[in-house]
file query-v1.txt (compact mmCIF, C-alpha atoms)
# COMPACT_ATOMS: atom_id res chain seq x y z
CA MET A 1 59.48 20.57 -94.18
CA ALA A 2 59.45 20.11 -97.94
CA ARG A 3 58.83 23.23 -99.99
CA THR A 4 55.95 23.45 -102.42
CA ARG A 5 56.54 23.90 -106.12
CA ASP A 6 55.41 27.52 -105.90
CA GLU A 7 57.83 28.17 -103.04
CA LEU A 8 60.67 26.64 -105.02
CA LEU A 9 59.82 28.74 -108.08
CA ALA A 10 59.79 31.88 -105.93
CA LEU A 11 63.30 31.04 -104.72
CA LEU A 12 64.63 30.19 -108.18
CA ASN A 13 62.87 32.82 -110.31
CA CYS A 14 64.39 35.82 -108.53
CA GLU A 15 67.62 37.82 -108.67
CA SER A 16 69.22 35.59 -106.01
CA ALA A 17 68.36 32.42 -107.92
CA LEU A 18 71.90 31.04 -108.21
CA VAL A 19 72.66 31.65 -104.53
CA ASN A 20 69.37 30.02 -103.57
CA LEU A 21 70.11 27.07 -105.84
CA GLN A 22 73.43 26.51 -104.10
CA LYS A 23 71.72 26.53 -100.69
CA LEU A 24 68.95 24.20 -101.85
CA LEU A 25 71.34 21.64 -103.24
CA GLU A 26 73.38 21.71 -100.02
CA THR A 27 70.35 20.83 -97.92
CA GLU A 28 68.19 18.64 -100.17
CA ALA A 29 68.64 14.96 -100.89
CA LEU A 30 69.22 14.67 -104.62
CA PRO A 31 67.66 11.82 -106.59
CA PRO A 32 70.00 9.54 -108.52
CA THR A 33 70.58 10.43 -112.15
CA GLY A 34 70.01 7.95 -114.92
CA GLU A 35 70.56 8.36 -118.65
CA ASP A 36 67.64 10.70 -119.35
CA VAL A 37 68.48 13.85 -121.31
CA ASN A 38 66.55 16.86 -122.61
CA ASN A 39 67.91 19.36 -125.13
CA HIS A 40 64.84 21.60 -125.48
CA ILE A 41 63.92 23.38 -122.24
CA HIS A 42 62.36 26.84 -122.54
CA THR A 43 62.85 29.45 -119.83
CA THR A 44 61.46 32.85 -118.89
CA TYR A 45 63.59 34.35 -121.66
CA SER A 46 60.91 33.10 -124.06
CA PHE A 47 57.92 31.57 -122.26
CA SER A 48 58.06 29.15 -119.36
CA PRO A 49 57.37 28.89 -115.61
CA TYR A 50 61.11 28.38 -115.16
CA SER A 51 64.02 30.80 -115.03
CA PRO A 52 67.26 29.29 -116.35
CA THR A 53 68.17 28.39 -112.76
CA ALA A 54 64.76 26.88 -112.03
CA ALA A 55 64.90 24.89 -115.28
CA VAL A 56 68.20 23.31 -114.23
CA TYR A 57 66.94 22.59 -110.72
CA PHE A 58 63.76 20.83 -111.86
CA ALA A 59 65.70 18.95 -114.55
CA ARG A 60 68.13 17.73 -111.88
CA MET A 61 65.32 16.78 -109.49
CA ALA A 62 63.68 14.80 -112.30
CA GLY A 63 66.86 12.71 -112.53
CA LEU A 64 68.18 14.08 -115.82
CA CYS A 65 71.92 13.81 -116.35
CA THR A 66 72.01 16.58 -118.97
CA CYS A 67 69.83 19.59 -119.72
CA GLY A 68 69.57 21.90 -122.71
CA LEU A 69 68.51 25.54 -122.98
CA MET A 70 66.28 26.36 -125.96
CA ASP A 71 64.49 29.72 -126.03
CA HIS A 72 62.71 31.42 -128.93
CA ASP A 73 64.72 34.15 -130.72
CA SER A 74 66.90 34.54 -127.61
CA ILE A 75 69.84 32.93 -125.89
CA ALA A 76 70.12 35.60 -123.18
CA GLY A 77 69.61 33.03 -120.42
CA ALA A 78 72.71 31.04 -121.41
CA GLU A 79 75.16 32.40 -118.83
CA GLU A 80 72.78 31.79 -115.93
CA PHE A 81 71.82 28.36 -117.29
CA LEU A 82 75.43 27.21 -117.57
CA GLU A 83 76.30 28.51 -114.11
CA ALA A 84 73.26 26.77 -112.60
CA ALA A 85 74.25 23.52 -114.33
CA LYS A 86 77.74 23.86 -112.93
CA ILE A 87 76.34 24.29 -109.41
CA ALA A 88 74.03 21.29 -109.92
CA GLY A 89 76.84 19.14 -111.31
CA MET A 90 75.03 18.58 -114.59
CA ALA A 91 76.22 18.52 -118.17
CA ALA A 92 74.46 21.24 -120.17
CA THR A 93 74.06 22.53 -123.68
CA ILE A 94 72.74 25.85 -124.94
CA GLY A 95 70.85 26.74 -128.09
CA MET A 96 68.18 28.94 -129.63
CA GLU A 97 64.98 28.27 -131.56
CA CYS A 98 63.80 30.58 -134.31
CA ARG A 99 61.43 30.76 -137.25
CA ALA A 100 62.84 30.98 -140.76
CA SER A 101 61.12 32.05 -143.95
CA PHE A 102 60.81 29.44 -146.71
CA SER A 103 59.23 31.99 -149.05
CA ASN A 104 62.05 31.58 -151.57
CA THR A 105 61.82 27.79 -151.65
CA PRO A 106 59.48 25.24 -153.27
CA PHE A 107 57.67 25.02 -149.91
CA ALA A 108 56.56 28.67 -149.74
CA ASP A 109 52.87 27.75 -149.87
CA ARG A 110 53.07 24.66 -147.66
CA ARG A 111 52.20 24.26 -144.00
CA ILE A 112 55.64 23.02 -142.89
CA ASN A 113 56.04 22.74 -139.11
CA ASN A 114 54.43 26.01 -138.01
CA PRO A 115 50.82 25.50 -136.79
CA ASP A 116 49.87 29.10 -137.56
CA GLN A 117 51.39 29.98 -140.92
CA ASP A 118 52.43 28.59 -144.31
CA GLY A 119 55.96 29.04 -145.63
CA VAL A 120 57.57 29.58 -142.22
CA ALA A 121 59.41 26.82 -140.37
CA TYR A 122 60.81 26.39 -136.90
CA MET A 123 64.49 25.53 -136.70
CA THR A 124 66.97 25.23 -133.86
CA MET A 125 70.57 26.28 -133.38
CA HIS A 126 72.14 23.72 -131.05
CA GLY A 127 75.51 23.59 -129.32
CA VAL A 128 76.23 27.32 -129.45
CA PRO A 129 79.84 27.98 -128.43
CA HIS A 130 79.77 29.77 -125.09
CA ASN A 131 81.93 32.64 -126.31
CA ARG A 132 79.52 33.33 -129.19
CA ALA A 133 76.18 33.25 -127.31
CA ARG A 134 76.09 36.98 -126.58
CA GLU A 135 76.83 37.80 -130.20
CA LEU A 136 74.04 35.50 -131.39
CA ASN A 137 71.59 37.19 -129.04
CA GLU A 138 72.61 40.64 -130.26
CA ARG A 139 72.20 39.61 -133.88
CA PHE A 140 68.62 38.55 -133.15
CA ALA A 141 67.73 41.81 -131.37
CA PRO A 142 66.26 43.40 -134.55
CA TYR A 143 64.03 40.36 -135.07
CA ARG A 144 62.76 40.58 -131.49
CA GLU A 145 61.97 44.27 -131.99
CA LYS A 146 60.07 43.58 -135.21
CA ARG A 147 58.22 40.76 -133.48
CA ASN A 148 56.99 43.19 -130.83
CA ALA A 149 55.54 45.46 -133.52
CA ARG A 150 53.45 42.50 -134.69
CA ASN A 151 52.64 41.56 -131.08
CA ARG A 152 51.10 44.99 -130.57
CA ARG A 153 48.94 44.54 -133.65
CA MET A 154 47.83 41.14 -132.41
CA VAL A 155 46.84 42.62 -129.05
CA GLU A 156 44.61 45.02 -131.00
CA ALA A 157 43.15 42.03 -132.83
CA VAL A 158 42.57 40.21 -129.52
CA ASN A 159 40.68 43.22 -128.19
CA GLY A 160 38.65 43.44 -131.38
CA LEU A 161 37.64 39.83 -130.88
CA MET A 162 37.14 39.79 -127.10
CA GLY A 163 36.12 43.38 -126.31
CA ARG A 164 32.45 42.56 -126.79
CA TYR A 165 32.73 40.28 -123.77
CA GLY A 166 34.50 42.87 -121.62
CA VAL A 167 37.79 40.98 -121.96
CA THR A 168 40.65 43.21 -123.14
CA ILE A 169 44.41 43.31 -122.57
CA ASP A 170 47.10 45.98 -122.90
CA PHE A 171 50.50 45.16 -124.37
CA ASP A 172 52.56 47.41 -122.08
CA ARG A 173 50.60 46.64 -118.92
CA ASP A 174 49.60 42.98 -119.32
CA VAL A 175 51.96 41.37 -121.85
CA LEU A 176 55.41 42.97 -121.76
CA PRO A 177 55.91 42.59 -117.96
CA ARG A 178 55.46 38.82 -118.32
CA SER A 179 58.62 38.64 -120.41
CA ASN A 180 62.36 39.16 -120.00
CA TYR A 181 62.41 41.41 -123.05
CA ALA A 182 64.39 44.16 -121.28
CA ALA A 183 67.13 41.62 -120.52
CA GLY A 184 67.34 40.29 -124.09
CA GLY A 185 64.42 37.86 -124.01
CA THR A 186 61.51 37.46 -126.43
CA VAL A 187 57.81 38.23 -126.31
CA THR A 188 55.96 35.35 -127.96
CA GLU A 189 52.37 34.48 -128.80
CA ARG A 190 52.30 32.54 -125.53
CA HIS A 191 52.77 35.79 -123.60
CA LEU A 192 49.70 37.21 -125.33
CA ALA A 193 47.76 34.00 -124.70
CA SER A 194 48.84 34.04 -121.07
CA ALA A 195 47.63 37.62 -120.56
CA LEU A 196 44.35 36.79 -122.28
CA SER A 197 43.92 33.64 -120.19
CA ASP A 198 44.43 35.50 -116.93
CA ARG A 199 41.96 38.17 -118.04
CA LEU A 200 39.38 35.51 -118.95
CA LEU A 201 39.74 33.90 -115.53
CA GLU A 202 39.35 37.29 -113.90
CA VAL A 203 36.31 38.47 -115.89
CA VAL A 204 34.47 35.22 -116.60
CA GLY A 205 35.51 33.12 -113.62
CA ARG A 206 36.53 29.50 -113.25
CA GLY A 207 34.94 26.08 -113.56
CA GLU A 208 31.53 25.68 -115.16
CA LYS A 209 31.18 29.43 -115.81
CA LEU A 210 34.33 29.45 -117.93
CA VAL A 211 33.49 26.28 -119.84
CA SER A 212 29.94 27.53 -120.53
CA PHE A 213 31.30 30.87 -121.74
CA ILE A 214 33.71 29.23 -124.20
CA LYS A 215 31.17 26.76 -125.57
CA ASN A 216 27.95 28.80 -125.48
CA GLU A 217 28.98 32.45 -125.71
CA MET A 218 32.06 32.17 -127.93
CA LYS A 219 30.83 29.08 -129.77
CA ALA A 220 34.43 27.83 -129.72
CA PRO A 221 35.59 24.19 -129.74
CA LEU A 222 36.88 22.69 -126.49
CA SER A 223 38.42 19.23 -126.25
CA ALA A 224 37.15 16.86 -123.56
CA LYS A 225 40.62 16.80 -122.00
CA VAL A 226 40.92 20.57 -121.64
CA GLU A 227 37.27 20.88 -120.59
CA GLY A 228 37.97 18.44 -117.76
CA TYR A 229 40.91 20.55 -116.62
CA LEU A 230 38.95 23.79 -116.75
CA LEU A 231 35.92 22.42 -114.89
CA ASP A 232 38.13 21.97 -111.82
CA GLU A 233 37.78 25.27 -109.95
CA ASN A 234 40.84 24.44 -107.83
CA ASN A 235 43.07 23.62 -110.81
CA PRO A 236 46.47 25.22 -110.06
CA HIS A 237 47.41 25.08 -113.76
CA ALA A 238 44.20 26.69 -115.06
CA MET A 239 46.02 29.57 -116.74
CA TYR A 240 48.36 27.19 -118.59
CA ASP A 241 45.49 24.91 -119.62
CA LEU A 242 43.52 27.89 -120.89
CA LEU A 243 46.65 29.17 -122.67
CA GLY A 244 46.93 25.82 -124.44
CA TRP A 245 43.34 26.17 -125.62
CA VAL A 246 44.01 29.71 -126.89
CA LYS A 247 47.08 28.46 -128.81
CA SER A 248 45.18 25.51 -130.24
CA ASP A 249 41.67 26.74 -130.97
CA LEU A 250 41.46 30.52 -130.69
CA ILE A 251 44.69 31.94 -132.08
CA ALA A 252 43.57 31.62 -135.71
CA ARG A 253 40.98 34.33 -134.99
CA PHE A 254 43.58 36.98 -134.13
CA TYR A 255 46.88 35.70 -135.54
CA ILE A 256 48.81 38.00 -137.89
CA ASP A 257 51.40 36.42 -140.17
CA ALA A 258 55.04 36.92 -139.23
CA THR A 259 57.06 38.43 -142.08
CA ASP A 260 60.14 40.61 -141.58
CA GLU A 261 60.81 39.17 -138.10
CA CYS A 262 61.73 35.83 -139.73
CA PRO A 263 65.09 35.65 -141.48
CA ASP A 264 65.28 33.87 -144.80
CA VAL A 265 66.22 30.26 -144.12
CA ARG A 266 69.53 30.71 -145.96
CA GLU A 267 70.41 33.72 -143.81
CA ALA A 268 69.58 31.78 -140.66
CA LEU A 269 71.75 28.86 -141.78
CA ALA A 270 74.63 31.17 -142.66
CA LEU A 271 74.41 32.79 -139.21
CA CYS A 272 74.39 29.37 -137.58
CA GLU A 273 77.53 28.35 -139.46
CA ASP A 274 79.23 31.65 -138.63
CA ILE A 275 78.49 31.25 -134.92
CA GLY A 276 79.63 27.63 -134.92
CA ALA A 277 76.28 26.14 -133.87
CA ILE A 278 74.55 23.07 -135.31
CA SER A 279 71.46 23.89 -137.38
CA ALA A 280 68.51 21.53 -137.04
CA TYR A 281 65.14 21.31 -138.73
CA ALA A 282 62.45 20.77 -136.08
CA TYR A 283 60.22 17.91 -137.26
CA LEU A 284 56.59 18.22 -136.15
CA GLY A 285 54.66 15.67 -138.20
CA ASP A 286 50.92 15.47 -138.70
CA VAL A 287 49.06 15.98 -135.42
CA GLY A 288 46.09 13.91 -134.34
CA GLN A 289 45.58 14.15 -130.59
CA SER A 290 48.00 16.80 -129.33
CA VAL A 291 50.18 15.51 -126.49
CA THR A 292 50.52 18.97 -124.93
CA GLY A 293 47.01 20.21 -125.71
CA ASP A 294 48.20 23.32 -127.55
CA LYS A 295 47.95 22.03 -131.13
CA ARG A 296 44.77 21.24 -133.01
CA ALA A 297 44.51 18.21 -135.27
CA GLN A 298 46.35 19.35 -138.38
CA LYS A 299 48.51 18.13 -141.26
CA PHE A 300 52.08 19.29 -141.60
CA GLU A 301 55.09 17.97 -143.50
CA ASP A 302 54.36 14.23 -143.62
CA ASP A 303 52.75 14.31 -147.08
CA TYR A 304 55.93 15.65 -148.67
CA LEU A 305 58.62 14.57 -146.21
CA ASP A 306 60.48 12.63 -148.91
CA GLU A 307 60.93 15.92 -150.79
CA LEU A 308 61.59 18.12 -147.76
CA ILE A 309 64.40 16.17 -146.10
CA PRO A 310 66.78 16.09 -149.10
CA TYR A 311 65.93 19.73 -149.78
CA ILE A 312 66.90 20.90 -146.28
CA LYS A 313 70.06 18.80 -146.55
CA ASP A 314 70.97 20.63 -149.77
CA LEU A 315 70.18 23.98 -148.11
CA GLY A 316 72.79 23.23 -145.48
CA PHE A 317 70.90 21.93 -142.45
CA ARG A 318 73.16 19.77 -140.33
CA ALA A 319 70.55 17.96 -138.23
CA VAL A 320 66.93 17.11 -137.55
CA THR A 321 65.47 17.43 -134.06
CA TYR A 322 62.39 15.52 -132.96
CA MET A 323 60.50 14.48 -129.83
CA PRO A 324 59.80 10.74 -129.47
CA SER A 325 56.69 11.27 -127.33
CA ARG A 326 55.02 13.57 -129.87
CA ASN A 327 54.74 11.23 -132.85
CA THR A 328 53.66 7.71 -133.77
CA ARG A 329 56.27 5.02 -134.27
CA PRO A 330 55.63 4.82 -138.05
CA GLN A 331 56.17 8.60 -138.31
CA LEU A 332 59.46 8.36 -136.42
CA ASP A 333 60.67 5.25 -138.26
CA ARG A 334 60.15 7.03 -141.58
CA LEU A 335 61.86 10.22 -140.40
CA ARG A 336 64.82 8.38 -138.92
CA ALA A 337 65.32 6.36 -142.10
CA LEU A 338 65.48 9.60 -144.09
CA CYS A 339 67.98 11.07 -141.62
CA GLU A 340 70.16 8.02 -142.04
CA LYS A 341 69.87 8.15 -145.83
CA TYR A 342 70.90 11.80 -146.05
CA GLU A 343 73.35 11.73 -143.12
CA LEU A 344 71.55 14.24 -140.93
CA PHE A 345 72.56 14.33 -137.28
CA GLN A 346 69.62 13.36 -135.04
CA ILE A 347 68.89 15.42 -131.90
CA SER A 348 66.08 14.98 -129.40
CA GLY A 349 64.39 17.24 -126.89
CA GLU A 350 61.04 17.56 -125.11
CA ASP A 351 59.59 21.03 -125.58
CA ILE A 352 59.20 22.19 -121.94
CA ASN A 353 57.15 25.37 -121.35
CA SER A 354 54.34 24.33 -118.98
CA PRO A 355 54.21 22.98 -115.41
CA ARG A 356 52.21 19.96 -116.56
CA GLN A 357 55.06 18.70 -118.73
CA SER A 358 57.54 16.14 -117.49
CA PHE A 359 61.23 16.84 -117.97
CA VAL A 360 61.70 13.13 -118.66
CA CYS A 361 60.72 11.69 -122.02
CA GLU A 362 59.85 8.09 -121.18
CA ALA A 363 59.28 7.29 -124.85
CA GLN A 364 62.97 7.96 -125.46
CA ARG A 365 63.89 5.09 -123.12
CA ASP A 366 62.88 2.69 -125.87
CA PRO A 367 66.12 0.95 -127.02
CA ALA A 368 65.29 2.02 -130.57
CA PHE A 369 66.18 5.59 -129.58
CA ARG A 370 69.53 4.73 -128.05
CA ASN A 371 71.23 6.94 -130.63
CA LEU A 372 69.59 10.03 -129.12
CA PHE A 373 71.51 9.62 -125.86
CA ASP A 374 74.78 9.33 -127.77
CA SER A 375 73.93 12.35 -129.93
CA THR A 376 73.26 14.44 -126.81
CA TRP A 377 76.71 13.73 -125.44
CA ALA A 378 78.20 14.38 -128.88
CA LEU A 379 76.36 17.71 -128.92
CA ILE A 380 77.78 18.62 -125.53
CA ALA A 381 81.27 17.70 -126.70
CA HIS A 382 80.85 19.85 -129.80
CA GLU A 383 79.81 22.82 -127.69
CA TRP A 384 82.73 22.67 -125.30
CA ARG A 385 85.35 21.74 -127.91
CA SER A 386 84.26 24.45 -130.34
CA THR A 387 84.22 27.00 -127.50
CA ASN A 388 87.90 26.24 -127.00
CA ASP A 389 88.74 25.92 -130.69
CA PRO A 390 86.28 26.11 -133.65
CA ARG A 391 88.43 23.61 -135.52
CA ASP A 392 87.43 20.95 -132.97
CA GLY A 393 83.67 21.24 -133.55
CA PHE A 394 81.51 18.34 -134.69
CA PHE A 395 81.13 19.64 -138.25
CA SER A 396 84.48 21.37 -138.62
CA ALA A 397 86.51 20.51 -141.72
CA GLU A 398 89.16 18.98 -139.47
CA SER A 399 86.70 16.73 -137.62
CA VAL A 400 84.94 15.64 -140.82
CA GLN A 401 88.27 14.77 -142.41
CA LYS A 402 89.30 12.76 -139.36
CA TRP A 403 85.96 10.97 -138.90
CA PRO A 404 84.18 11.26 -142.28
CA ARG A 405 81.26 8.97 -141.46
CA LEU A 406 78.56 10.67 -139.39
CA ASN A 407 77.83 7.68 -137.14
CA GLU A 408 81.52 7.24 -136.40
CA ARG A 409 81.83 10.91 -135.48
CA VAL A 410 78.79 10.64 -133.18
CA SER A 411 80.40 7.70 -131.41
CA VAL A 412 83.73 9.49 -130.97
CA PHE A 413 82.21 12.79 -129.84
CA SER A 414 79.83 10.97 -127.53
CA GLN A 415 82.83 9.56 -125.69
CA PHE A 416 84.43 13.01 -125.60
CA GLY A 417 81.26 14.38 -124.04
CA ARG A 418 81.00 11.72 -121.36
CA HIS A 419 84.61 12.33 -120.37
CA LEU A 420 84.30 16.09 -120.10
call {"tool": "encode", "arguments": {"input": "query-v1.txt", "output": "structure tokens"}}
result
Amino acid sequence: MARTRDELLALLNCESALVNLQKLLETEALPPTGEDVNNHIHTTYSFSPYSPTAAVYFARMAGLCTCGLMDHDSIAGAEEFLEAAKIAGMAATIGMECRASFSNTPFADRRINNPDQDGVAYMTMHGVPHNRARELNERFAPYREKRNARNRRMVEAVNGLMGRYGVTIDFDRDVLPRSNYAAGGTVTERHLASALSDRLLEVVGRGEKLVSFIKNEMKAPLSAKVEGYLLDENNPHAMYDLLGWVKSDLIARFYIDATDECPDVREALALCEDIGAISAYAYLGDVGQSVTGDKRAQKFEDDYLDELIPYIKDLGFRAVTYMPSRNTRPQLDRLRALCEKYELFQISGEDINSPRQSFVCEAQRDPAFRNLFDSTWALIAHEWRSTNDPRDGFFSAESVQKWPRLNERVSVFSQFGRHL
């Protein structure tokens, strides 16, 4: 008898996850793999329904041929992720996402790609050499600690906002246990939103009662899409749907700006180079209707993209990462043209942190995005080659001298990756 999703998560989100994965794959019929890839899968080491093992399993069952770890301010799940990928017979890549301060740049007062704060941008560190992952995680430990100090202040702000309704949360009791902080993971705003969402469901109830409370008591906006989800009293994803609403429409009422937990962008780039990873600016683009339901309609970097891309190139960014399903074709055509002009490596990845999200990005199957499959294999080759010898990495002086043109290097490394 086929197991339910919840039963599978129970097997794969526990201490025996890798053993259970091995048993599952020995007894289950595996779907064929195609060319689909994903370089941006979050796990329980930041916020996600999936442990590193579960992330690999569901990626494999979705038919992906490669999978990529990408947690916020943490890469503590890397060892488990790589071992799970080995068991599943998948190619894998590991990385970390972080926020960097642009306060000492011309964009200090701009809303860049962070929905909550000006002058702070999300960036990714892709293709981390396996023998440097633990060091990278240790070097981000102070930032995770400082982030928790702000998290505690935001919990106080949540209670100041919601206490009048009898809805309060406690950081140590309700938020921290949802994370893998003790094992080197991160506590993010999503952990706070998750705790608040569960408390709302407990105190207010589900269905019409919850929708009426949000609209009539809190006088808060609620999109038709999310309202439809929340009206369903049997919705198994109610907490995640409510979390998306908190992130989109409520967080501005209790958000506290991140400061000392965000390294200066130059420090973050220097660390990336030292570790041997590939730094990437995470393009967001102006948002109309949010695909994932956790971003309100908002303007970001599109108005000044022609200034931003050459600036990040001069800063030392090696790549730009983007998600083909999140943006319009004109947005992506413009971004890709700028990447070509300034020779920035292009990386893709669907931001997976909710059970509603598909591991497969169907938009990426468009032939126009063929380069993103090649770049994924080139990324994998970089990771393995630089683990063995830093001089063999994608951006090493030796590799650049041998294959000076970026597109040529992508083609060569892509073949390396496929042959690994």
call {"tool": "residues_around", "arguments": {"input": "query-v1.txt", "residues": "stretch 367-370 of chain A", "least_positions_apart": "5", "cutoff": "12 Å", "atoms": "all atoms listed in the file", "output": "PyMOL selection string"}}
result
chain A and resi 35-37+322-325+329+332-333+336+346-348+361-362+375-377+411
call {"tool": "residues_around", "arguments": {"input": "query-v1.txt", "residues": "A:Cys67", "least_positions_apart": "6", "cutoff": "12 Å", "atoms": "all atoms listed in the file", "output": "number ranges by chain"}}
result
A: 33, 35-42, 52-61, 78, 81-82, 84-86, 88-95, 127, 348-352, 359-360, 373, 376-377, 379-380
call {"tool": "atom_distance", "arguments": {"input": "query-v1.txt", "atom1": "atom CA of A:Arg405", "atom2": "atom CA of A:Gly393"}}
result
14.8 Å
call {"tool": "axis_aligned_box", "arguments": {"input": "query-v1.txt", "around": "stretch 345-350 of chain A", "padding_each_side": "4 Å", "output": "AutoDock Vina command-line options"}}
result
--center_x 66.8 --center_y 15.5 --center_z -131.2 --size_x 19.5 --size_y 12.2 --size_z 20.2
call {"tool": "residues_around", "arguments": {"input": "query-v1.txt", "residues": "A:Phe394", "least_positions_apart": "2", "cutoff": "10 Å", "atoms": "all atoms listed in the file", "output": "JSON list (two decimals) with C-alpha atoms, keeping the file's coordinate frame"}}
result
[["chain", "number", "residue", "atom", "x", "y", "z"],
["A", 127, "GLY", "CA", 75.51, 23.59, -129.32],
["A", 276, "GLY", "CA", 79.63, 27.63, -134.92],
["A", 277, "ALA", "CA", 76.28, 26.14, -133.87],
["A", 278, "ILE", "CA", 74.55, 23.07, -135.31],
["A", 378, "ALA", "CA", 78.20, 14.38, -128.88],
["A", 379, "LEU", "CA", 76.36, 17.71, -128.92],
["A", 380, "ILE", "CA", 77.78, 18.62, -125.53],
["A", 381, "ALA", "CA", 81.27, 17.70, -126.70],
["A", 382, "HIS", "CA", 80.85, 19.85, -129.80],
["A", 383, "GLU", "CA", 79.81, 22.82, -127.69],
["A", 385, "ARG", "CA", 85.35, 21.74, -127.91],
["A", 386, "SER", "CA", 84.26, 24.45, -130.34],
["A", 390, "PRO", "CA", 86.28, 26.11, -133.65],
["A", 391, "ARG", "CA", 88.43, 23.61, -135.52],
["A", 392, "ASP", "CA", 87.43, 20.95, -132.97],
["A", 396, "SER", "CA", 84.48, 21.37, -138.62],
["A", 397, "ALA", "CA", 86.51, 20.51, -141.72],
["A", 398, "GLU", "CA", 89.16, 18.98, -139.47],
["A", 399, "SER", "CA", 86.70, 16.73, -137.62],
["A", 400, "VAL", "CA", 84.94, 15.64, -140.82],
["A", 403, "TRP", "CA", 85.96, 10.97, -138.90],
["A", 406, "LEU", "CA", 78.56, 10.67, -139.39],
["A", 409, "ARG", "CA", 81.83, 10.91, -135.48],
["A", 410, "VAL", "CA", 78.79, 10.64, -133.18],
["A", 412, "VAL", "CA", 83.73, 9.49, -130.97],
["A", 413, "PHE", "CA", 82.21, 12.79, -129.84]]
call {"tool": "residues_near_point", "arguments": {"input": "query-v1.txt", "point": "(67.0, 37.4, -109.7)", "cutoff": "12 Å", "atoms": "all atoms listed in the file", "output": "list in words"}}
result
Leu9, Ala10, Leu11, Leu12, Asn13, Cys14, Glu15, Ser16, Ala17, Leu18, Val19, Asn20, Leu21, Thr44, Ser51, Pro52, Thr53, Ala54, Gly77, Glu80, Asn180 and Ala183 of chain A
call {"tool": "write_last_selection", "arguments": {"input": "query-v1.txt", "atoms": "C-alpha atoms", "output": "PDB file, in the coordinates of the input"}}
result
ATOM      1  CA  LEU A   9      59.820  28.740-108.080  1.00  0.00           C
ATOM      2  CA  ALA A  10      59.790  31.880-105.930  1.00  0.00           C
ATOM      3  CA  LEU A  11      63.300  31.040-104.720  1.00  0.00           C
ATOM      4  CA  LEU A  12      64.630  30.190-108.180  1.00  0.00           C
ATOM      5  CA  ASN A  13      62.870  32.820-110.310  1.00  0.00           C
ATOM      6  CA  CYS A  14      64.390  35.820-108.530  1.00  0.00           C
ATOM      7  CA  GLU A  15      67.620  37.820-108.670  1.00  0.00           C
ATOM      8  CA  SER A  16      69.220  35.590-106.010  1.00  0.00           C
ATOM      9  CA  ALA A  17      68.360  32.420-107.920  1.00  0.00           C
ATOM     10  CA  LEU A  18      71.900  31.040-108.210  1.00  0.00           C
ATOM     11  CA  VAL A  19      72.660  31.650-104.530  1.00  0.00           C
ATOM     12  CA  ASN A  20      69.370  30.020-103.570  1.00  0.00           C
ATOM     13  CA  LEU A  21      70.110  27.070-105.840  1.00  0.00           C
ATOM     14  CA  THR A  44      61.460  32.850-118.890  1.00  0.00           C
ATOM     15  CA  SER A  51      64.020  30.800-115.030  1.00  0.00           C
ATOM     16  CA  PRO A  52      67.260  29.290-116.350  1.00  0.00           C
ATOM     17  CA  THR A  53      68.170  28.390-112.760  1.00  0.00           C
ATOM     18  CA  ALA A  54      64.760  26.880-112.030  1.00  0.00           C
ATOM     19  CA  GLY A  77      69.610  33.030-120.420  1.00  0.00           C
ATOM     20  CA  GLU A  80      72.780  31.790-115.930  1.00  0.00           C
ATOM     21  CA  ASN A 180      62.360  39.160-120.000  1.00  0.00           C
ATOM     22  CA  ALA A 183      67.130  41.620-120.520  1.00  0.00           C
TER      23      ALA A 183
END
call {"tool": "atom_distance", "arguments": {"input": "query-v1.txt", "atom1": "atom CA of A:Glu202", "atom2": "atom CA of A:Val167"}}
result
9.0 Å
call {"tool": "residues_around", "arguments": {"input": "query-v1.txt", "residues": "A:Arg253", "least_positions_apart": "4", "cutoff": "12 Å", "atoms": "all atoms listed in the file", "output": "PDB file with C-alpha atoms, keeping the file's coordinate frame"}}
result
ATOM      1  CA  ASP A 116      49.870  29.100-137.560  1.00  0.00           C
ATOM      2  CA  MET A 154      47.830  41.140-132.410  1.00  0.00           C
ATOM      3  CA  VAL A 155      46.840  42.620-129.050  1.00  0.00           C
ATOM      4  CA  GLU A 156      44.610  45.020-131.000  1.00  0.00           C
ATOM      5  CA  ALA A 157      43.150  42.030-132.830  1.00  0.00           C
ATOM      6  CA  VAL A 158      42.570  40.210-129.520  1.00  0.00           C
ATOM      7  CA  ASN A 159      40.680  43.220-128.190  1.00  0.00           C
ATOM      8  CA  GLY A 160      38.650  43.440-131.380  1.00  0.00           C
ATOM      9  CA  LEU A 161      37.640  39.830-130.880  1.00  0.00           C
ATOM     10  CA  MET A 162      37.140  39.790-127.100  1.00  0.00           C
ATOM     11  CA  MET A 218      32.060  32.170-127.930  1.00  0.00           C
ATOM     12  CA  ALA A 220      34.430  27.830-129.720  1.00  0.00           C
ATOM     13  CA  VAL A 246      44.010  29.710-126.890  1.00  0.00           C
ATOM     14  CA  LYS A 247      47.080  28.460-128.810  1.00  0.00           C
ATOM     15  CA  SER A 248      45.180  25.510-130.240  1.00  0.00           C
ATOM     16  CA  ASP A 249      41.670  26.740-130.970  1.00  0.00           C
ATOM     17  CA  ASP A 257      51.400  36.420-140.170  1.00  0.00           C
TER      18      ASP A 257
END
call {"tool": "atom_distance", "arguments": {"input": "query-v1.txt", "atom1": "atom CA of A:Val128", "atom2": "atom CA of A:Glu145"}}
result
22.3 Å
call {"tool": "closest_residue", "arguments": {"input": "query-v1.txt", "among": "A:Tyr143, A:Ala238, A:Ser194, A:Gly185", "to": "A:Arg206", "atoms": "only C-alpha atoms"}}
result
A:Ala238
call {"tool": "residues_around", "arguments": {"input": "query-v1.txt", "residues": "A:Asp306", "least_positions_apart": "3", "cutoff": "12 Å", "atoms": "only C-alpha atoms", "output": "ChimeraX atom specification"}}
result
/A:301-303,309-313,334-339,341-342
